[in-house]
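**Student:** Mind looking over this structure? Questions follow.
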Amino acid sequence: MNLNTTFRLGYLFLVSILFISCSSDDSASNGDIDSNLDTSVATEILTLINNHRRSLSLNDMVANTTAKNLATNHASFMAEEQKISVDGNADRKAQLQEQENATIVREFHSKSFDAAGLVERWLASTTNKETLESENITNIGIAAVKDQRGVPYYTAIIFAIRN
């Protein structure tokens with residue numbers, strides 16, 4: 001190999017490294033979501049909901065991955081916008097109907113509460129309480145995502161499966 005070929009290969013190698021290190025990476029934005037996602041609060045919320053359901057002799061709600069992913073994306077959107085939103089509700093419902101055979105689909109959105117205060121507030125709402133206490137609605141996805149100031153935004157997507 002002559003000096004000119006060695007130089008060209010070295011140059012191509014350096015240019016390749018430069019392009020790889022400077023390329024757009026969607027995982028960086030997903031890393032922001034992951035670092036702001038509070039899975040322990042979501043787990044605590046589900047535990048509190050299921051404790052309430054058990055006190056009424058109802059079956060536990062089951063965590064659903066599709067609903068959790070949809071809830072995470074939406075809670076992240078709300079945290080980024082720093083406002084409660086129902087944007088995309090129909091799309092999330094359609095996705096659950098298609099992928100999970102969902103019939104009844106409900107969403108709850110909140111911000112700024114701790115887990116106990118959030119569940120207490122949901123149970124104080126007649127409509128939300130009816131949903132949480134329905135024996136037919138057994139699947140749930142919950143996400144808690146903090147905005148840049150540390151304020152938590154919550155999305156819960158609750159649904160029944162077609163028999």
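Starting from 1 in every chain, residues are counted up; chains themselves are A, B, ... following the order of the structure tokens, and ligands are numbered from 1 as listed.
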Which residues, written as a PyMOL selection string, have at least one atom at most 12 Å from Asn163 of chain A, with only C-alpha atoms counted and residues fewer than 3 positions away on the same chain left out?
**Tutor:** chain A and resi 100-104+136-137+160
**Student:** For Asn128 of chain A, list every protein, DNA or RNA residue within 12 Å, evaluated using only C-alpha atoms, and leave out those in the same chain fewer than 2 positions away; present the list as a VMD selection string.
**Tutor:** chain A and resid 49 105 to 109 118 to 126 130 to 134 137 156 to 158
**Student:** Could you tell me how far atom CA of Ala94 of chain A sits from atom CA of Ser40 of chain A, in Å to one decimal place?
**Tutor:**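 Atom-to-atom, atom CA of Ser40 of chain A and atom CA of Ala94 of chain A are spaced 28.0 Å apart.
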**Student:** Point out the residue among A:Thr65, A:Ser112, A:Gln97, A:Ser55 with the least atom-to-atom distance to Gly150 of chain A, counting only C-alpha atoms.
**Tutor:**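 Checking each of A:Thr65, A:Ser112, A:Gln97, A:Ser55 against Gly150 of chain A, counting only C-alpha atoms, the winner is A:Ser112.
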**Student:** Compare A:Leu46, A:Leu96, A:Ala115, A:Ile161 by their minimum atom-to-atom distance to Leu70 of chain A, counting only C-alpha atoms, and give me the closest one.
**Tutor:**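 The answer is A:Leu96, which sits nearest to Leu70 of chain A.
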**Student:** What are the DSSP strand (DSSP E) residues of segment 72-130 of chain A, as a list of chain:residue names?
**Tutor:** A:Ala102, A:Thr103, A:Ile104, A:Val105, A:Arg106, A:Glu107, A:Phe108, A:His109, A:Ser110, A:Lys111
**Student:** I'd like the interatomic distance between atom CA of Ala143 of chain A and atom CA of Asp114 of chain A, to a tenth of an Å.
**Tutor:**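 Distance between the two atoms: 12.8 Å.
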**Student:** Please return, as a ChimeraX atom specification, all residues of segment 28-79 of chain A that DSSP assigns to alpha helix (DSSP H) on the basis of the backbone.
**Tutor:** /A:28-36,39-55,65-79
**Student:** Nearest residue to Arg54 of chain A out of A:Ile140, A:Glu135, A:Ala71, A:Lys146, using only C-alpha atoms?
**Tutor:**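 Looking only at the distances to Arg54 of chain A, the closest residue turns out to be A:Glu135.
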**Student:** So which residues touch Ile84 of chain A within 10 Å, counting only C-alpha atoms, skipping near sequence neighbours fewer than 5 positions away, as a PyMOL selection string?
**Tutor:** chain A and resi 74-75+77-79+109-111+153-155
**Student:** In terms of the shortest atom-to-atom distance over only C-alpha atoms, which of A:Thr43, A:Asn64, A:Ser85, A:Asn36 is closest to Val145 of chain A?
**Tutor:**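 Once distances to Val145 of chain A are computed over only C-alpha atoms, the minimum belongs to A:Asn36.
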